[in-house]
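Trainee: So here's my_file.txt, just compact mmCIF, C-alpha atoms:
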```
# COMPACT_ATOMS: atom_id res chain seq x y z
CA MET A 1 25.31 -170.92 -66.15
CA ASN A 2 22.89 -173.69 -67.13
CA THR A 3 24.83 -176.60 -68.60
CA SER A 4 22.59 -179.42 -67.44
CA HIS A 5 22.43 -180.73 -71.02
CA SER A 6 25.19 -181.35 -73.54
CA THR A 7 23.54 -180.39 -76.84
CA VAL A 8 25.34 -177.86 -79.02
CA THR A 9 23.84 -177.00 -82.42
CA HIS A 10 26.01 -174.01 -83.37
CA PRO A 11 29.53 -174.71 -82.07
CA ARG A 12 32.12 -171.98 -81.82
CA LYS A 13 35.08 -171.84 -84.17
CA VAL A 14 38.66 -170.89 -83.37
CA GLU A 15 39.39 -167.18 -83.76
CA HIS A 16 43.12 -167.21 -82.97
CA ILE A 17 45.75 -169.65 -81.80
CA ILE A 18 48.19 -168.15 -79.31
CA ALA A 19 51.65 -169.37 -78.29
CA GLY A 20 52.52 -168.48 -74.71
CA GLN A 21 55.52 -166.35 -73.81
CA PRO A 22 58.36 -167.95 -71.81
CA THR A 23 59.14 -165.78 -68.80
CA SER A 24 59.95 -165.98 -65.10
CA ASP A 25 58.22 -164.65 -62.02
CA GLY A 26 58.66 -164.66 -58.27
CA ALA A 27 62.25 -165.57 -57.38
CA GLY A 28 63.06 -166.76 -60.89
CA VAL A 29 60.40 -169.46 -61.37
CA LYS A 30 60.34 -170.37 -65.07
CA LEU A 31 56.88 -170.40 -66.63
CA THR A 32 54.88 -169.79 -69.79
CA ARG A 33 52.52 -166.81 -69.75
CA VAL A 34 49.63 -168.03 -71.88
CA LEU A 35 47.16 -165.19 -71.37
CA THR A 36 49.13 -161.97 -71.56
CA GLN A 37 48.14 -158.40 -70.71
CA ASN A 38 47.33 -157.49 -74.31
CA LEU A 39 44.57 -160.14 -74.33
CA GLN A 40 42.81 -158.92 -71.18
CA ARG A 41 40.14 -156.94 -73.00
CA ARG A 42 39.48 -159.74 -75.51
CA LEU A 43 39.24 -162.40 -72.78
CA ASP A 44 37.56 -160.27 -70.08
CA PRO A 45 37.01 -161.20 -67.19
CA PHE A 46 40.30 -163.14 -67.27
CA LEU A 47 43.52 -161.22 -66.72
CA MET A 48 46.31 -163.79 -66.92
CA LEU A 49 47.03 -167.51 -67.23
CA ASP A 50 50.44 -168.89 -66.32
CA ASN A 51 51.57 -172.47 -66.91
CA PHE A 52 54.54 -173.43 -64.74
CA GLY A 53 56.19 -176.80 -65.04
CA SER A 54 59.63 -178.35 -64.68
CA ASP A 55 61.40 -181.37 -63.25
CA LYS A 56 64.50 -179.24 -62.63
CA ALA A 57 64.51 -177.91 -59.08
CA ASP A 58 66.50 -174.80 -60.05
CA ASP A 59 63.55 -173.72 -62.20
CA TYR A 60 61.12 -173.55 -59.27
CA ILE A 61 62.80 -174.10 -55.88
CA ALA A 62 62.86 -170.42 -54.83
CA GLY A 63 59.14 -170.12 -55.45
CA PHE A 64 57.19 -166.88 -55.07
CA PRO A 65 58.28 -165.03 -51.91
CA ASP A 66 56.11 -162.35 -50.26
CA HIS A 67 54.24 -160.34 -52.88
CA PRO A 68 51.05 -158.23 -52.84
CA HIS A 69 47.75 -158.50 -54.72
CA ARG A 70 44.72 -156.21 -54.88
CA GLY A 71 41.54 -156.13 -56.92
CA PHE A 72 41.15 -159.63 -58.39
CA GLU A 73 41.01 -163.37 -57.71
CA THR A 74 43.69 -166.00 -58.26
CA ILE A 75 43.01 -169.68 -58.96
CA THR A 76 46.06 -171.90 -58.54
CA TYR A 77 45.68 -175.46 -59.86
CA MET A 78 48.48 -177.92 -59.10
CA ILE A 79 48.94 -180.75 -61.60
CA ALA A 80 52.01 -182.13 -59.83
CA GLY A 81 54.01 -181.20 -56.75
CA ARG A 82 53.30 -179.37 -53.50
CA MET A 83 53.25 -175.64 -52.72
CA GLN A 84 53.11 -174.07 -49.25
CA HIS A 85 51.27 -170.76 -49.11
CA ARG A 86 50.96 -168.25 -46.29
CA ASP A 87 49.89 -164.64 -46.02
CA SER A 88 50.25 -161.49 -43.93
CA ALA A 89 47.10 -162.28 -41.94
CA GLY A 90 48.51 -165.57 -40.70
CA ASN A 91 46.62 -167.85 -43.08
CA GLU A 92 48.55 -170.80 -44.47
CA GLY A 93 48.01 -174.10 -46.18
CA LEU A 94 49.55 -176.76 -48.38
CA LEU A 95 48.46 -177.02 -51.99
CA GLU A 96 49.06 -180.60 -53.13
CA ASN A 97 49.00 -182.62 -56.34
CA GLY A 98 45.63 -182.11 -58.07
CA GLY A 99 44.40 -179.47 -55.63
CA VAL A 100 43.17 -175.91 -56.10
CA GLN A 101 43.65 -172.74 -54.11
CA TRP A 102 41.05 -170.06 -54.81
CA MET A 103 42.01 -166.67 -53.40
CA VAL A 104 40.09 -163.41 -53.45
CA ALA A 105 42.74 -160.73 -52.97
CA GLY A 106 40.10 -158.03 -52.62
CA LYS A 107 41.37 -154.94 -50.81
CA GLY A 108 44.81 -156.44 -50.38
CA VAL A 109 46.84 -159.41 -49.31
CA ILE A 110 50.56 -160.09 -49.10
CA HIS A 111 51.32 -163.76 -49.54
CA SER A 112 53.99 -166.25 -50.55
CA GLU A 113 53.98 -169.55 -52.43
CA ILE A 114 56.99 -171.75 -51.75
CA PRO A 115 57.55 -175.29 -53.14
CA GLN A 116 57.59 -178.02 -50.51
CA GLN A 117 59.89 -180.33 -52.45
CA GLU A 118 63.49 -180.35 -53.59
CA GLU A 119 63.16 -182.79 -56.48
CA GLY A 120 60.57 -184.14 -58.86
CA VAL A 121 58.07 -182.46 -61.14
CA MET A 122 56.39 -179.17 -60.17
CA GLU A 123 53.59 -178.29 -62.56
CA GLY A 124 50.42 -176.27 -62.52
CA PHE A 125 48.48 -173.20 -63.58
CA GLN A 126 47.59 -169.85 -62.10
CA LEU A 127 44.59 -168.02 -63.51
CA TRP A 128 43.73 -164.42 -62.64
CA LEU A 129 40.02 -163.55 -62.62
CA ASN A 130 38.99 -159.91 -62.41
CA LEU A 131 36.64 -158.63 -59.72
CA PRO A 132 33.81 -156.23 -60.55
CA ALA A 133 34.42 -152.65 -59.44
CA ARG A 134 31.99 -152.95 -56.52
CA ASN A 135 33.92 -155.92 -55.09
CA LYS A 136 37.53 -154.83 -55.59
CA MET A 137 37.93 -153.68 -51.99
CA THR A 138 36.17 -156.67 -50.44
CA GLN A 139 37.67 -158.65 -47.57
CA PRO A 140 40.35 -161.14 -48.70
CA TRP A 141 39.20 -164.76 -48.77
CA TYR A 142 40.78 -168.18 -49.34
CA ARG A 143 39.62 -171.67 -50.05
CA ASP A 144 41.94 -174.67 -50.35
CA ILE A 145 40.30 -177.56 -52.23
CA LYS A 146 41.98 -180.96 -52.17
CA ALA A 147 42.03 -183.08 -55.31
CA GLU A 148 39.51 -185.55 -53.89
CA GLU A 149 37.12 -182.68 -53.06
CA LEU A 150 36.95 -181.39 -56.64
CA PRO A 151 33.76 -182.48 -58.46
CA LYS A 152 34.51 -184.94 -61.27
CA PHE A 153 32.63 -187.02 -63.81
CA SER A 154 33.29 -189.13 -66.88
CA THR A 155 31.41 -188.97 -70.19
CA PRO A 156 30.27 -192.08 -72.10
CA GLU A 157 33.24 -191.52 -74.45
CA GLY A 158 35.68 -191.76 -71.56
CA VAL A 159 36.48 -188.08 -71.10
CA ASP A 160 37.39 -187.44 -67.45
CA VAL A 161 36.23 -183.97 -66.39
CA THR A 162 37.27 -182.00 -63.31
CA VAL A 163 34.88 -179.10 -62.64
CA ILE A 164 36.85 -176.40 -60.83
CA ALA A 165 34.30 -173.64 -61.43
CA GLY A 166 30.88 -173.30 -63.00
CA SER A 167 28.99 -176.42 -64.03
CA SER A 168 29.19 -179.04 -66.75
CA HIS A 169 26.72 -181.76 -67.76
CA GLY A 170 24.73 -181.11 -64.59
CA VAL A 171 27.76 -181.33 -62.28
CA ALA A 172 28.33 -178.19 -60.19
CA GLY A 173 31.93 -177.08 -59.71
CA ALA A 174 33.84 -176.35 -56.55
CA VAL A 175 33.31 -172.57 -56.89
CA THR A 176 30.68 -170.35 -58.49
CA ARG A 177 30.62 -166.60 -59.05
CA GLU A 178 27.45 -164.63 -59.79
CA THR A 179 28.86 -161.75 -61.84
CA THR A 180 31.66 -163.29 -63.91
CA GLU A 181 30.14 -166.81 -64.00
CA PRO A 182 33.49 -168.52 -64.63
CA LEU A 183 33.64 -171.99 -66.13
CA TYR A 184 36.94 -173.80 -65.48
CA LEU A 185 37.21 -177.41 -66.66
CA ASP A 186 40.19 -179.76 -66.85
CA LEU A 187 39.51 -182.39 -69.53
CA HIS A 188 41.45 -185.64 -69.87
CA MET A 189 40.48 -186.91 -73.32
CA PRO A 190 41.42 -190.29 -74.81
CA ALA A 191 42.42 -190.33 -78.49
CA GLY A 192 39.38 -190.19 -80.75
CA SER A 193 37.00 -188.84 -78.10
CA ARG A 194 34.96 -185.65 -78.24
CA PHE A 195 33.62 -183.34 -75.56
CA VAL A 196 30.62 -181.05 -75.93
CA GLN A 197 30.10 -178.05 -73.65
CA PRO A 198 27.25 -175.53 -73.91
CA LEU A 199 28.39 -171.91 -73.46
CA PRO A 200 26.37 -168.70 -73.36
CA ALA A 201 27.01 -166.63 -76.48
CA SER A 202 27.88 -163.61 -74.34
CA HIS A 203 30.81 -165.35 -72.61
CA ASN A 204 34.42 -165.08 -73.68
CA ALA A 205 36.04 -168.51 -73.90
CA PHE A 206 39.36 -170.18 -74.62
CA VAL A 207 41.00 -173.59 -74.61
CA TYR A 208 44.57 -174.40 -73.54
CA VAL A 209 46.12 -177.73 -74.59
CA TYR A 210 48.80 -178.92 -72.17
CA ARG A 211 49.11 -182.51 -73.43
CA GLY A 212 48.37 -183.93 -76.86
CA GLU A 213 46.32 -182.12 -79.52
CA VAL A 214 42.70 -181.26 -80.20
CA SER A 215 40.59 -180.12 -83.11
CA ILE A 216 37.83 -177.52 -82.84
CA GLU A 217 35.55 -177.22 -85.88
CA GLY A 218 38.31 -178.55 -88.13
CA LYS A 219 41.06 -176.35 -86.67
CA ALA A 220 43.97 -178.18 -85.05
CA VAL A 221 45.15 -176.84 -81.70
CA PRO A 222 48.57 -178.33 -80.83
CA VAL A 223 50.15 -178.78 -77.45
CA GLN A 224 51.09 -175.66 -75.46
CA ARG A 225 48.76 -173.48 -77.51
CA MET A 226 45.72 -171.47 -76.51
CA ALA A 227 42.73 -171.28 -78.84
CA ILE A 228 40.57 -168.19 -78.42
CA LEU A 229 37.01 -169.15 -79.39
CA GLU A 230 34.96 -166.90 -81.63
CA ASN A 231 32.09 -164.88 -80.19
CA GLN A 232 29.01 -165.31 -82.39
CA ALA A 233 25.44 -164.39 -81.50
CA GLN A 234 24.07 -167.77 -82.57
CA ALA A 235 26.85 -169.89 -81.01
CA ASP A 236 25.69 -172.08 -78.14
CA GLY A 237 28.84 -173.97 -77.13
CA VAL A 238 32.01 -175.74 -78.17
CA VAL A 239 32.84 -179.21 -79.49
CA ILE A 240 36.39 -180.42 -78.79
CA GLN A 241 37.81 -183.51 -80.50
CA ALA A 242 41.01 -185.22 -79.35
CA SER A 243 43.34 -186.58 -82.04
CA ALA A 244 45.63 -188.07 -79.36
CA ASP A 245 45.49 -188.70 -75.63
CA THR A 246 45.01 -185.10 -74.53
CA ARG A 247 44.68 -182.87 -71.51
CA VAL A 248 43.09 -179.50 -72.02
CA LEU A 249 41.67 -176.62 -70.00
CA LEU A 250 38.37 -175.09 -71.08
CA ILE A 251 37.78 -171.67 -69.53
CA ALA A 252 34.93 -169.22 -70.10
CA GLY A 253 33.29 -166.30 -68.33
CA GLN A 254 30.92 -163.36 -68.51
CA PRO A 255 32.85 -160.16 -69.38
CA LEU A 256 32.67 -157.28 -66.91
CA ASN A 257 33.04 -154.60 -69.61
CA GLU A 258 34.69 -152.29 -67.07
CA PRO A 259 37.91 -150.28 -67.38
CA ILE A 260 41.09 -152.19 -66.47
CA ALA A 261 43.94 -150.30 -64.81
CA GLN A 262 46.84 -152.60 -63.94
CA TYR A 263 50.23 -152.09 -62.39
CA GLY A 264 51.85 -155.46 -61.74
CA PRO A 265 49.91 -157.21 -58.95
CA PHE A 266 47.34 -154.42 -58.60
CA VAL A 267 44.28 -154.46 -60.89
CA MET A 268 41.82 -151.62 -60.42
CA ASN A 269 39.49 -149.54 -62.61
CA THR A 270 41.24 -146.16 -62.60
CA GLN A 271 44.75 -144.73 -62.36
CA GLU A 272 43.76 -142.97 -59.15
CA GLU A 273 42.86 -146.31 -57.56
CA LEU A 274 46.23 -147.69 -58.66
CA TYR A 275 48.06 -144.75 -57.06
CA GLN A 276 46.10 -145.39 -53.86
CA ALA A 277 47.03 -149.09 -53.91
CA LEU A 278 50.73 -148.22 -54.31
CA GLN A 279 50.53 -145.64 -51.53
CA ASP A 280 48.75 -148.07 -49.21
CA PHE A 281 51.41 -150.68 -49.91
CA ARG A 282 54.29 -148.27 -49.29
CA ASP A 283 52.67 -146.93 -46.11
CA GLY A 284 52.08 -150.40 -44.67
CA ASN A 285 48.28 -149.98 -44.85
CA PHE A 286 47.83 -152.49 -47.58
CA ALA A 287 46.75 -155.73 -45.95
CA GLU A 288 45.80 -157.25 -42.65
CA THR A 289 48.64 -158.61 -40.56
CA ALA A 290 48.62 -161.30 -37.92
CA SER A 291 47.79 -159.93 -34.47
```
What's the structure tokens form of this structure?

Mentor:
Amino acid sequence: MNTSHSTVTHPRKVEHIIAGQPTSDGAGVKLTRVLTQNLQRRLDPFLMLDNFGSDKADDYIAGFPDHPHRGFETITYMIAGRMQHRDSAGNEGLLENGGVQWMVAGKGVIHSEIPQQEEGVMEGFQLWLNLPARNKMTQPWYRDIKAEELPKFSTPEGVDVTVIAGSSHGVAGAVTRETTEPLYLDLHMPAGSRFVQPLPASHNAFVYVYRGEVSIEGKAVPVQRMAILENQAQADGVVIQASADTRVLLIAGQPLNEPIAQYGPFVMNTQEELYQALQDFRDGNFAETAS
């Protein structure tokens, strides 16, 4: 994705504003599911976005015990707090305040994510990114990226940008992907500022406001709302304006346009592949284990 310049002449408008669904996952962790399963086709290649956050330990302390994944990637971005993760192959690490864990589940991994604190705020996001059919059974892969290792820059208007994936204003992100070309930006915008991001017209894109409020082409997007951006052939990007001190995620990617067959933590292309994933999991042939 070439975003070495910041000129947008035909900005995208807001197609829909979505309120997330309160739910719980893991061992009762309370969260808001922002990108739900019924939006997977519209926001291909993204499968899910969860926003978890609480200063009440009972809402998060039990974490996400051992659970399997196959066929996609997970990007966990911690805004506050610390999460210990480990998997069936013996990999482990500590995801800390401001850090990112990028995991390719590929052919299968069983892992856990357990908070490493008993008080204070625990807040963050988990994004699921689909893998193309040819890569669904690839070898699992992890990368832990500390906050200070994430590429960052500030615009002349004072917008602080963290580039988790893709590139923005000539700054390359921590991770790139050839096929899905994900862009994942965290924008900290002072009141009255604007941010301009070129986007290929073919990419699906959305914005999630987790502090404050923004306006996109005259449409207000309040806190804890996702704005799905219109797909128009002539559109070349997005212009975001902050009406208050705001924090917002801007996420975009190239759709795979492949069938999606999902059963919980397994995302494949056909029902037969799903049955195989379930059988592999039941038979203990699902993921590598520590030797």

Trainee: Go ahead and compute the interatomic distance for atom CA of Ala261 of chain A and atom CA of Glu273 of chain A, in Å to one decimal.

Mentor: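 Interatomic distance, atom CA of Ala261 of chain A to atom CA of Glu273 of chain A: 8.3 Å.
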
Trainee: Can you work out which one of A:Leu229, A:Val238, A:Val171, A:Val267 has the shortest atom-to-atom distance to Phe195 of chain A, counting all atoms listed in the file?

Mentor: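 Smallest distance to Phe195 of chain A is found for A:Val238.
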
Trainee: Can you tell me which residues surround segment 89-105 of chain A at a distance of at most 6 Å, considering all atoms listed in the file, apart from same-chain residues fewer than 6 positions away, and format the answer as a list in words?

Mentor: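 Listed by chain and then number, they are His69, Arg70, Phe72, Glu73, Thr74, Ile75, Thr76, Tyr77, Met78, Ile79, Ala80, Gly81, Arg82, Met83, Pro140, Trp141, Tyr142, Arg143, Asp144, Ile145, Lys146, Ala147, Glu288, Thr289 and Ala290 of chain A.
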
Trainee: Grab the residues selected above and save them as an mmCIF file, in the coordinates of the input with C-alpha atoms.

Mentor:
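This went into again39.cif:
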```cif
data_model
loop_
_atom_site.group_PDB
_atom_site.id
_atom_site.type_symbol
_atom_site.label_atom_id
_atom_site.label_comp_id
_atom_site.auth_asym_id
_atom_site.auth_seq_id
_atom_site.Cartn_x
_atom_site.Cartn_y
_atom_site.Cartn_z
ATOM 1 C CA HIS A 69 47.750 -158.500 -54.720
ATOM 2 C CA ARG A 70 44.720 -156.210 -54.880
ATOM 3 C CA PHE A 72 41.150 -159.630 -58.390
ATOM 4 C CA GLU A 73 41.010 -163.370 -57.710
ATOM 5 C CA THR A 74 43.690 -166.000 -58.260
ATOM 6 C CA ILE A 75 43.010 -169.680 -58.960
ATOM 7 C CA THR A 76 46.060 -171.900 -58.540
ATOM 8 C CA TYR A 77 45.680 -175.460 -59.860
ATOM 9 C CA MET A 78 48.480 -177.920 -59.100
ATOM 10 C CA ILE A 79 48.940 -180.750 -61.600
ATOM 11 C CA ALA A 80 52.010 -182.130 -59.830
ATOM 12 C CA GLY A 81 54.010 -181.200 -56.750
ATOM 13 C CA ARG A 82 53.300 -179.370 -53.500
ATOM 14 C CA MET A 83 53.250 -175.640 -52.720
ATOM 15 C CA PRO A 140 40.350 -161.140 -48.700
ATOM 16 C CA TRP A 141 39.200 -164.760 -48.770
ATOM 17 C CA TYR A 142 40.780 -168.180 -49.340
ATOM 18 C CA ARG A 143 39.620 -171.670 -50.050
ATOM 19 C CA ASP A 144 41.940 -174.670 -50.350
ATOM 20 C CA ILE A 145 40.300 -177.560 -52.230
ATOM 21 C CA LYS A 146 41.980 -180.960 -52.170
ATOM 22 C CA ALA A 147 42.030 -183.080 -55.310
ATOM 23 C CA GLU A 288 45.800 -157.250 -42.650
ATOM 24 C CA THR A 289 48.640 -158.610 -40.560
ATOM 25 C CA ALA A 290 48.620 -161.300 -37.920
#
```

Trainee: Quick one: residues within 12 Å of Gln276 of chain A, only C-alpha atoms counted, chain neighbours fewer than 6 positions away excluded, as a PyMOL selection string?

Mentor: chain A and resi 70+107-108+137+263+266-270+282-283+285-286

Trainee: Kindly indicate which residue among A:Asp245, A:Arg42, A:Gly166, A:His188 lies nearest to Glu15 of chain A, using only C-alpha atoms for the distances.

Mentor: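 Using only C-alpha atoms, the shortest distance to Glu15 of chain A belongs to A:Arg42.
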
Trainee: In Å, rounded to a single decimal, give me how far atom CA of Trp128 of chain A is from atom CA of Arg247 of chain A.

Mentor: 20.5 Å

Trainee: Using all atoms listed in the file, find the one residue out of A:Val239, A:Ala174, A:Leu43, A:Ala62 that sits nearest to Gln84 of chain A.

Mentor: A:Ala62

Trainee: Between A:Val163, A:Leu278, A:Leu256, A:Val8, single out the one closest to Ala235 of chain A, counting only C-alpha atoms.

Mentor: A:Val8

Trainee: What lies within 7 Å of Phe206 of chain A using all atoms listed in the file, ignoring chain neighbours under 3 positions off, as a VMD selection string?

Mentor: chain A and resid 226 to 229 250 to 252

Trainee: Keeping C-alpha atoms, export the residues of the selection given above as a PDB file, keeping the file's coordinate frame.

Mentor:
```pdb
ATOM      1  CA  MET A 226      45.720-171.470 -76.510  1.00  0.00           C
ATOM      2  CA  ALA A 227      42.730-171.280 -78.840  1.00  0.00           C
ATOM      3  CA  ILE A 228      40.570-168.190 -78.420  1.00  0.00           C
ATOM      4  CA  LEU A 229      37.010-169.150 -79.390  1.00  0.00           C
ATOM      5  CA  LEU A 250      38.370-175.090 -71.080  1.00  0.00           C
ATOM      6  CA  ILE A 251      37.780-171.670 -69.530  1.00  0.00           C
ATOM      7  CA  ALA A 252      34.930-169.220 -70.100  1.00  0.00           C
TER       8      ALA A 252
END
```
